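Taking it in order: structure first as structure tokens, then the write-up.
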Amino acid sequence: MTPEQITLVQSSFERLGPQLPGMATRFYQELFSRDPAVRPLFTTPLAQQEVKFADKLTEIVRAMPRLDELLTHTRALGARHAGYGVRAAHYQTLGDALLAALAAALGDDFDAPTREAWALAYNLVAETMLEGAATARLAGS
Amino acid sequence: MLAGVAVTLPRWPIVGRRPELEVFERALGSGELAGLVIHGRAGVGKTRLADECRQQAAAAGHPTERVAGSRTTALVPLGAVAALLAGGLGRPGPDGQAGTVALFEQTRRGLHERHDGRRLVTVADDVSLLDAASLALVGYLAGQGTIFLVATVRTGEPVPDLVTSLWRDGRLERVDLEDLSRAHLDTLLHLALGGPLEAGAGREFWEVTRGNPLYVRELVLGGLESGALAERSGVWHLEGRLPSTTRLLDLVGQRIGQLPAEARSVVELLALCQPLDLGYLEATAPCGVLESLERAGLVTIAVADQEVRLAHPLHGQVVRAAMPRSRARAILLAQADRLQASAPVPGPAALRVAMWRLDAGGRPDPAVLIRGAHLARYAHDFRVVRRLIEAVPGDQLDAAGALLLGEALYELGVFDAADRILARGQQLPSSEHVALRLAVTRAKNAQWGLCQPEAALAINAAARAVITSAPLAEELVADEASVLTFSGHPGRALAVLDRLAGGDRRTRVVRAIAAAPALAVTGRTAEAVTVAEAGYADHVALGDELAIAHPAMHLINQVFALSEAGRLAEAEQLARAGTEVAASSRVPIAQIFFAVNLGRVATLQGRMATARRYYAEAVGVAQASHFAGPRRVALSGLALADAMLGDADAAAQALAERATGPAFGFRGPEQQLADAWTAVASQRPAEAAQQLRDAAAQAASTGHRTAESWLLHDLMRTSGQDTSARLRDLAGACDSPLVSARARHGAAARARDARELAGAAADFEALGALLLAAEAAAGAAEAFRRDGDQRAATAAAHRSTALAAACEGTVTPGLFHAAAPVPLTGREREIVMLAAAGMASKDIAERLYLSVRTVNNHLQHAYTKLGVSGRGGLAQALGSPP
């Protein structure tokens, strides 16, 4: 990512402001419509899950300029998800759902450069979550 | 410069490969799969992914190991898998051989015990470059579940049989690696550099590398060293441009070329002799060099087994290519001295030492060379056997070594040299076992290689005079019969075998090889099939021994026996299966004979275009492997096929090529079908008839009953000459329905018995001999017509046309009956055929010693009978394409 793309991710995220909970709700709708099979992987009530998702996303977006800090968050997050049975194939769907939810929430502000910045940010997060997941599975097995 | 590396890189990240790693994880966990194979282009990250798999496995508590092929170790038998051979190389038995099975089984048990029965996850990097013996061992261990194989195969390299056969059995997972996507490249750079990259630099990396991970890695590491990649306030910048026109290999070369001298020495040492012991390198290289090389991403240090190797195969390739020969030689000799001083002989390390010395042009220990040659022999790697034994000084070569070399030279098609070395081996003191094998191999070389059956018989007789103890003497008798069978004397071969009472398993195997074809050609086809089947079973139980034919020879014999028994479909099926075995175990003589037999079956079926293809393939393999005798058999088949397809020129050319080689007696009478049919295709019927008569007489005198039947039947087919009496006698002496059908056809044609001709056509059709069926049906049509039964005539003619349509464009005189509405006289038919082939009346007249006027008269009669107005309509009226 370029420094400009990191800034773009952060500024567009700030612009969400009070729409963040709505975006979180939309994210799960998008996810389950794309892959109904993942629904049973979530055991906590959905409302609670949405709050957790929004909090985590906020942490990650803030840490984006500092790689070490970002990795601490994403690896730990990946490790937890490994335990839920999330695999590499799911990450593609998760990314699509996130971009769709952001597009719905941001409307015209979600232009092509913003979209590309988010896509790269998500790829970075997903790869490092998967790395954390692999490490955790091996330690646990 | 190396010293100027400013940043310490974290472990080079792996990006975009999680799905593949999960495939590995599942495959390893399944318990049923034997391994994973990773395909992809150079630099796509196969080695990296394989090593990551290994690390994951180690973290999960699996024992792991790494073996790697390279162009330098590809010639060392078991050189690549020394790490697996804790138990040494096994010991030779009393006959000078050490069983592969014993060595493999010993290794398997050793690994099983060492790792408490847990599977050893074994990375085989660049598996295509493993030597043949290593591949065989790895395949065995993976098949047994002792190791879980993670193999990499570079696109464009041949995929070893071990991989394809495990894959076919559904025991391998496969992943195909592609270059990274734009997004993955971005993430990789972000993680490798530890922070964001300015926009222009990211684009530049994508345009230059197109996502090839090794390229990215080399450019990043090179850029860091040179300072072209630099960090300013948390953002990475690229000063200037990336070397966009450079190829990957040049790039690697540049980076290595910039190393300081002491670091370069370490890299060169590893390029020739890796892996090397960490302790040794630390003791010899100046302080800090290894660390900086590791930091620069040029070497990897495996902590578990304390081994150091180059980080990527391409690094070794580049370094070896650039190294002066004298320098490589000095390094190899120095390492050989060092390892010899420290390693117990004769372990795998000793073999490495021997090969290093050999590469350096030095003098390795002869005992180790001979041991290595035995190992290579297990894998049928005769090139390596030859290389190793030829390095043994002449005065130190023993009889067993001469046997190994002689066999290798024979297999490699160097027959004169093989004869010399085997003869020399016979002069050296040896056990009776080795003496027997020297004699048998030398006789085989004389017969199949030099095409001198008389010499083979003399070698056999000389050996029988000195080797007299029971099982060995019996084997020699069986071998004498084998020489007789394959030089065209089946009758004499069977008489010799009658002298043979018992014999051990080995003798039974040799006996079966000699007996099956002899029985088949003399007409005892059912017995021949049984003998070949039993011989194969005995041979498989015997294992892979020296100085004996390949087990596939029994399958070939069985194919031949089945076709002589008229069981054409079964013969074809077995030959197809056998072809695969022969190709994968690299036995050219078997490949040739499977192809020849497939051509022969197709010929009997009347599928001449197919036959031509198989014969051409056999000629190709025979040519490449220098087998002149089998080449002759194959060229005979090729000429026959060409002639029956009507291509007289091609047939004559095949015969001319055949004439450049020596005579070869095996199936000698049958080979002359080619001459006769070429004469037929060239419109020289009298010559064809004479050749068929001579060949049939020769077949009669040597006991080739099935061939005699074929020859006499073809004489009748091509000239109309009556051979029915002898065909009937042969049918009585043979148990083959094919021979019987020919006799029925002969008798029916003689009697012009329409119903019997139709019956013979049905017999042929039931056997799958469609061309013969078509000809008999054509004859039936003509006979029905003569009898005035127009309806039956039309039906038979239709039948004939339908059958002939399956014969792939074959043109024989017998097919011309079918389309003719009115019978032509023999002379008319002869002239019409020549005219239809485009010959002018004047030339026809010359050919047949007639006047031009007579020829034209005959033609006029024929036009009237055929209902055509001139030459233009002849071809169509005769049923061949205009």
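Simple scheme: letters A, B, ... for chains in structure tokens order, numbers from 1 for residues in each chain, numbers from 1 for ligands in the order shown.
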- Message: Env of Ala689 in chain B: 12 Å cut, atoms = only C-alpha atoms, seq-sep filter 4 positions within chain, self excluded. Answer as a VMD selection string.
- Response: chain B and resid 672 to 673 675 to 680 683 to 685 693 to 696 711 to 723
- Interface residues on chain B facing chain A, 6 Å, only C-alpha atoms, written as a count of residues only: 9
- Taking into account only C-alpha atoms, which residue in the set B:Gly40, B:Asp131, B:Val208, B:Leu281 is nearest to Arg174 in chain B?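 That would be B:Gly40, the residue with the smallest distance to Arg174 in chain B.
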- Distance of CA of Thr107 in chain B from CA of Leu84 in chain B, expressed in Å to one decimal place: 7.2 Å
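The helix (DSSP H, G or I) portion of range 4-74 of chain B consists of Gly4, Arg18, Pro19, Glu20, Leu21, Glu22, Val23, Phe24, Glu25, Arg26, Ala27, Leu28, Gly29, Ser30, Lys46, Thr47, Arg48, Leu49, Ala50, Asp51, Glu52, Cys53, Arg54, Gln55, Gln56, Ala57, Ala58 and Ala59 of chain B, with states taken from DSSP on the backbone.
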Within 6 Å of range 476-490 of chain B, counting only C-alpha atoms, which residues qualify if same-chain residues fewer than 5 places away don't, as a PDB file with N, CA and C atoms, in the first residue's frame?
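So the final result, stored in part07.pdb, reads:
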```pdb
ATOM      1  N   VAL B 496      15.913 -79.332 -27.898  1.00  0.00           N
ATOM      2  CA  VAL B 496      16.860 -79.095 -26.799  1.00  0.00           C
ATOM      3  C   VAL B 496      16.122 -79.059 -25.471  1.00  0.00           C
ATOM      4  N   VAL B 510      14.041 -68.900 -17.843  1.00  0.00           N
ATOM      5  CA  VAL B 510      14.737 -68.870 -19.123  1.00  0.00           C
ATOM      6  C   VAL B 510      14.075 -69.851 -20.097  1.00  0.00           C
ATOM      7  N   ARG B 511      13.707 -71.001 -19.560  1.00  0.00           N
ATOM      8  CA  ARG B 511      13.056 -72.009 -20.378  1.00  0.00           C
ATOM      9  C   ARG B 511      11.759 -71.484 -20.988  1.00  0.00           C
ATOM     10  N   ALA B 514      12.296 -69.185 -23.915  1.00  0.00           N
ATOM     11  CA  ALA B 514      12.645 -69.894 -25.145  1.00  0.00           C
ATOM     12  C   ALA B 514      11.461 -70.687 -25.683  1.00  0.00           C
ATOM     13  N   ALA B 518       8.570 -70.651 -29.461  1.00  0.00           N
ATOM     14  CA  ALA B 518       8.813 -71.852 -30.259  1.00  0.00           C
ATOM     15  C   ALA B 518       7.527 -72.670 -30.363  1.00  0.00           C
ATOM     16  N   GLY B 665      17.409 -64.001 -37.869  1.00  0.00           N
ATOM     17  CA  GLY B 665      16.620 -65.184 -38.166  1.00  0.00           C
ATOM     18  C   GLY B 665      15.263 -65.266 -37.500  1.00  0.00           C
ATOM     19  N   PHE B 666      15.063 -64.499 -36.404  1.00  0.00           N
ATOM     20  CA  PHE B 666      13.817 -64.631 -35.657  1.00  0.00           C
ATOM     21  C   PHE B 666      12.627 -64.291 -36.542  1.00  0.00           C
ATOM     22  N   ARG B 667      11.659 -65.201 -36.631  1.00  0.00           N
ATOM     23  CA  ARG B 667      10.513 -65.072 -37.514  1.00  0.00           C
ATOM     24  C   ARG B 667      10.971 -64.768 -38.942  1.00  0.00           C
ATOM     25  N   THR B 702      12.092 -75.295 -41.063  1.00  0.00           N
ATOM     26  CA  THR B 702      12.503 -74.915 -39.701  1.00  0.00           C
ATOM     27  C   THR B 702      11.401 -75.090 -38.677  1.00  0.00           C
TER      28      THR B 702
END
```
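Counting only C-alpha atoms, the residue from A:Ser12, A:Gln29, A:Leu46, A:Leu94 that sits nearest to Thr58 in chain A is A:Ser12.
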- Message: I'd like the contact shell of Asp96 in chain A - 9 Å cut-off, only C-alpha atoms, skipping same-chain residues fewer than 5 positions apart - returned as JSON, numbers by chain.
- Response: {"A": [30, 31, 34, 91, 101, 119]}
- Item | Of the listed residues A:Arg115, A:Arg39, A:Asp108, A:Leu102, that which approaches His90 in chain A most closely, counting only C-alpha atoms |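 That would be A:Arg39, the residue with the smallest distance to His90 in chain A.
Closest to Arg377 in chain B among B:Ala136, B:Leu542, B:Ala552, B:Ala334 is B:Ala136, based on only C-alpha atoms.
The coordinates place CA of Glu262 in chain B at 20.6 Å from CA of Ala336 in chain B.
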- Message: What does the structure give for the distance between CA of Ala751 in chain B and CA of Thr801 in chain B, in Å to one decimal?
- Response: 23.1 Å
- Query: Nearest to Leu562 in chain B: which of B:Gly732, B:Pro737, B:Gly449, B:Gly253 is it, counting only C-alpha atoms?
  - Reply: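 Comparing B:Gly732, B:Pro737, B:Gly449, B:Gly253 against Leu562 in chain B, the winner is B:Pro737.
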- Message: List as an NGL selection string the protein and nucleic acid residues near Thr25 in chain A, meaning an atom at most 12 Å away when only C-alpha atoms are counted, but skip any in the same chain fewer than 5 places from it.
- Response: :A and (19-20 or 30-32 or 46-54 or 97-98 or 100-102 or 104-105)
Please write the residues from the selection above to a file, keeping all heavy atoms, as a short mmCIF file (atom, residue, chain, number, x, y, z; two decimals), in the first residue's frame.
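Contents of again_37.cif, as written:
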```
data_model
loop_
_atom_site.label_atom_id
_atom_site.label_comp_id
_atom_site.auth_asym_id
_atom_site.auth_seq_id
_atom_site.Cartn_x
_atom_site.Cartn_y
_atom_site.Cartn_z
N GLN A 19 -22.69 5.81 11.02
CA GLN A 19 -23.21 4.71 10.18
C GLN A 19 -22.51 3.39 10.42
O GLN A 19 -22.85 2.38 9.81
CB GLN A 19 -23.01 5.07 8.69
CG GLN A 19 -23.83 6.21 8.20
CD GLN A 19 -23.58 6.40 6.72
OE1 GLN A 19 -23.96 5.56 5.92
NE2 GLN A 19 -22.92 7.49 6.37
N LEU A 20 -21.48 3.41 11.28
CA LEU A 20 -20.69 2.20 11.47
C LEU A 20 -21.53 0.99 11.89
O LEU A 20 -21.41 -0.08 11.28
CB LEU A 20 -19.55 2.47 12.47
CG LEU A 20 -18.62 1.31 12.76
CD1 LEU A 20 -17.96 0.74 11.50
CD2 LEU A 20 -17.53 1.71 13.77
N GLU A 30 -24.58 -9.29 3.87
CA GLU A 30 -23.87 -9.58 2.62
C GLU A 30 -23.15 -10.93 2.70
O GLU A 30 -23.16 -11.73 1.77
CB GLU A 30 -22.83 -8.49 2.33
CG GLU A 30 -23.41 -7.12 2.04
CD GLU A 30 -23.98 -7.04 0.63
OE1 GLU A 30 -23.67 -7.92 -0.20
OE2 GLU A 30 -24.75 -6.08 0.35
N LEU A 31 -22.54 -11.17 3.86
CA LEU A 31 -21.78 -12.41 4.04
C LEU A 31 -22.69 -13.64 3.94
O LEU A 31 -22.41 -14.58 3.19
CB LEU A 31 -21.07 -12.38 5.40
CG LEU A 31 -20.27 -13.64 5.77
CD1 LEU A 31 -19.15 -13.88 4.75
CD2 LEU A 31 -19.67 -13.50 7.17
N PHE A 32 -23.81 -13.61 4.69
CA PHE A 32 -24.67 -14.80 4.71
C PHE A 32 -25.38 -15.01 3.40
O PHE A 32 -25.68 -16.14 3.02
CB PHE A 32 -25.68 -14.71 5.87
CG PHE A 32 -25.02 -14.64 7.22
CD1 PHE A 32 -25.60 -13.93 8.26
CD2 PHE A 32 -23.79 -15.28 7.43
CE1 PHE A 32 -24.98 -13.86 9.51
CE2 PHE A 32 -23.18 -15.20 8.68
CZ PHE A 32 -23.77 -14.49 9.71
N LEU A 46 -26.16 -12.30 16.98
CA LEU A 46 -25.66 -11.50 15.87
C LEU A 46 -25.43 -10.03 16.28
O LEU A 46 -24.43 -9.42 15.89
CB LEU A 46 -26.63 -11.59 14.68
CG LEU A 46 -25.98 -11.36 13.32
CD1 LEU A 46 -24.74 -12.20 13.15
CD2 LEU A 46 -26.98 -11.63 12.21
N ALA A 47 -26.35 -9.47 17.09
CA ALA A 47 -26.21 -8.07 17.49
C ALA A 47 -24.88 -7.86 18.21
O ALA A 47 -24.14 -6.91 17.95
CB ALA A 47 -27.37 -7.67 18.39
N GLN A 48 -24.57 -8.79 19.09
CA GLN A 48 -23.32 -8.73 19.85
C GLN A 48 -22.12 -8.86 18.90
O GLN A 48 -21.12 -8.17 19.03
CB GLN A 48 -23.31 -9.90 20.83
CG GLN A 48 -22.60 -9.65 22.13
CD GLN A 48 -22.82 -10.85 23.06
OE1 GLN A 48 -23.93 -11.36 23.15
NE2 GLN A 48 -21.76 -11.29 23.70
N GLN A 49 -22.28 -9.78 17.94
CA GLN A 49 -21.24 -10.04 16.96
C GLN A 49 -20.93 -8.78 16.15
O GLN A 49 -19.77 -8.46 15.90
CB GLN A 49 -21.72 -11.16 16.02
CG GLN A 49 -20.71 -11.63 15.00
CD GLN A 49 -19.57 -12.40 15.64
OE1 GLN A 49 -19.79 -13.17 16.56
NE2 GLN A 49 -18.37 -12.14 15.18
N GLU A 50 -21.98 -8.03 15.81
CA GLU A 50 -21.81 -6.82 15.00
C GLU A 50 -21.01 -5.76 15.76
O GLU A 50 -20.16 -5.08 15.20
CB GLU A 50 -23.18 -6.25 14.60
CG GLU A 50 -23.86 -7.09 13.52
CD GLU A 50 -25.32 -6.72 13.33
OE1 GLU A 50 -25.74 -5.65 13.83
OE2 GLU A 50 -26.05 -7.52 12.70
N VAL A 51 -21.27 -5.66 17.06
CA VAL A 51 -20.53 -4.69 17.87
C VAL A 51 -19.06 -5.07 17.92
O VAL A 51 -18.16 -4.24 17.73
CB VAL A 51 -21.12 -4.63 19.31
CG1 VAL A 51 -20.26 -3.73 20.21
CG2 VAL A 51 -22.56 -4.14 19.27
N LYS A 52 -18.79 -6.38 18.11
CA LYS A 52 -17.40 -6.84 18.16
C LYS A 52 -16.69 -6.55 16.84
O LYS A 52 -15.54 -6.10 16.82
CB LYS A 52 -17.35 -8.36 18.44
CG LYS A 52 -17.32 -8.67 19.93
CD LYS A 52 -17.66 -10.12 20.22
CE LYS A 52 -16.62 -11.10 19.72
NZ LYS A 52 -16.96 -12.49 20.10
N PHE A 53 -17.39 -6.81 15.75
CA PHE A 53 -16.81 -6.58 14.42
C PHE A 53 -16.43 -5.11 14.25
O PHE A 53 -15.33 -4.77 13.81
CB PHE A 53 -17.83 -7.00 13.35
CG PHE A 53 -17.47 -6.55 11.96
CD1 PHE A 53 -16.48 -7.20 11.24
CD2 PHE A 53 -18.11 -5.46 11.38
CE1 PHE A 53 -16.15 -6.78 9.96
CE2 PHE A 53 -17.78 -5.04 10.11
CZ PHE A 53 -16.79 -5.70 9.39
N ALA A 54 -17.35 -4.19 14.62
CA ALA A 54 -17.10 -2.76 14.46
C ALA A 54 -15.89 -2.33 15.30
O ALA A 54 -15.03 -1.57 14.85
CB ALA A 54 -18.34 -1.96 14.86
N ALA A 97 -17.81 -9.28 0.99
CA ALA A 97 -18.89 -8.77 1.82
C ALA A 97 -18.52 -7.41 2.41
O ALA A 97 -19.34 -6.49 2.47
CB ALA A 97 -19.21 -9.77 2.94
N LEU A 98 -17.27 -7.27 2.84
CA LEU A 98 -16.82 -6.01 3.44
C LEU A 98 -16.90 -4.88 2.42
O LEU A 98 -17.42 -3.80 2.70
CB LEU A 98 -15.39 -6.15 3.97
CG LEU A 98 -14.78 -4.86 4.54
CD1 LEU A 98 -15.56 -4.39 5.78
CD2 LEU A 98 -13.30 -5.04 4.88
N ALA A 100 -18.72 -4.70 -0.23
CA ALA A 100 -20.12 -4.42 -0.57
C ALA A 100 -20.78 -3.58 0.52
O ALA A 100 -21.53 -2.64 0.24
CB ALA A 100 -20.88 -5.73 -0.78
N ALA A 101 -20.50 -3.91 1.78
CA ALA A 101 -21.09 -3.17 2.91
C ALA A 101 -20.58 -1.73 2.91
O ALA A 101 -21.34 -0.78 3.14
CB ALA A 101 -20.75 -3.88 4.23
N LEU A 102 -19.29 -1.56 2.66
CA LEU A 102 -18.71 -0.22 2.62
C LEU A 102 -19.32 0.59 1.48
O LEU A 102 -19.65 1.76 1.64
CB LEU A 102 -17.20 -0.29 2.44
CG LEU A 102 -16.38 -0.67 3.69
CD1 LEU A 102 -14.94 -1.02 3.30
CD2 LEU A 102 -16.40 0.46 4.72
N ALA A 104 -22.24 0.29 0.19
CA ALA A 104 -23.61 0.65 0.52
C ALA A 104 -23.63 1.82 1.50
O ALA A 104 -24.45 2.74 1.37
CB ALA A 104 -24.33 -0.56 1.11
N ALA A 105 -22.71 1.79 2.46
CA ALA A 105 -22.71 2.82 3.49
C ALA A 105 -22.16 4.15 2.97
O ALA A 105 -22.65 5.22 3.32
CB ALA A 105 -21.89 2.34 4.70
#
```
- Task: Measuring atom to atom with only C-alpha atoms, identify which of A:Val86, A:Ala76, A:Leu106, A:Met129 is nearest to Gly22 in chain A.
- Result: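 Closest to Gly22 in chain A of all the choices is A:Leu106.
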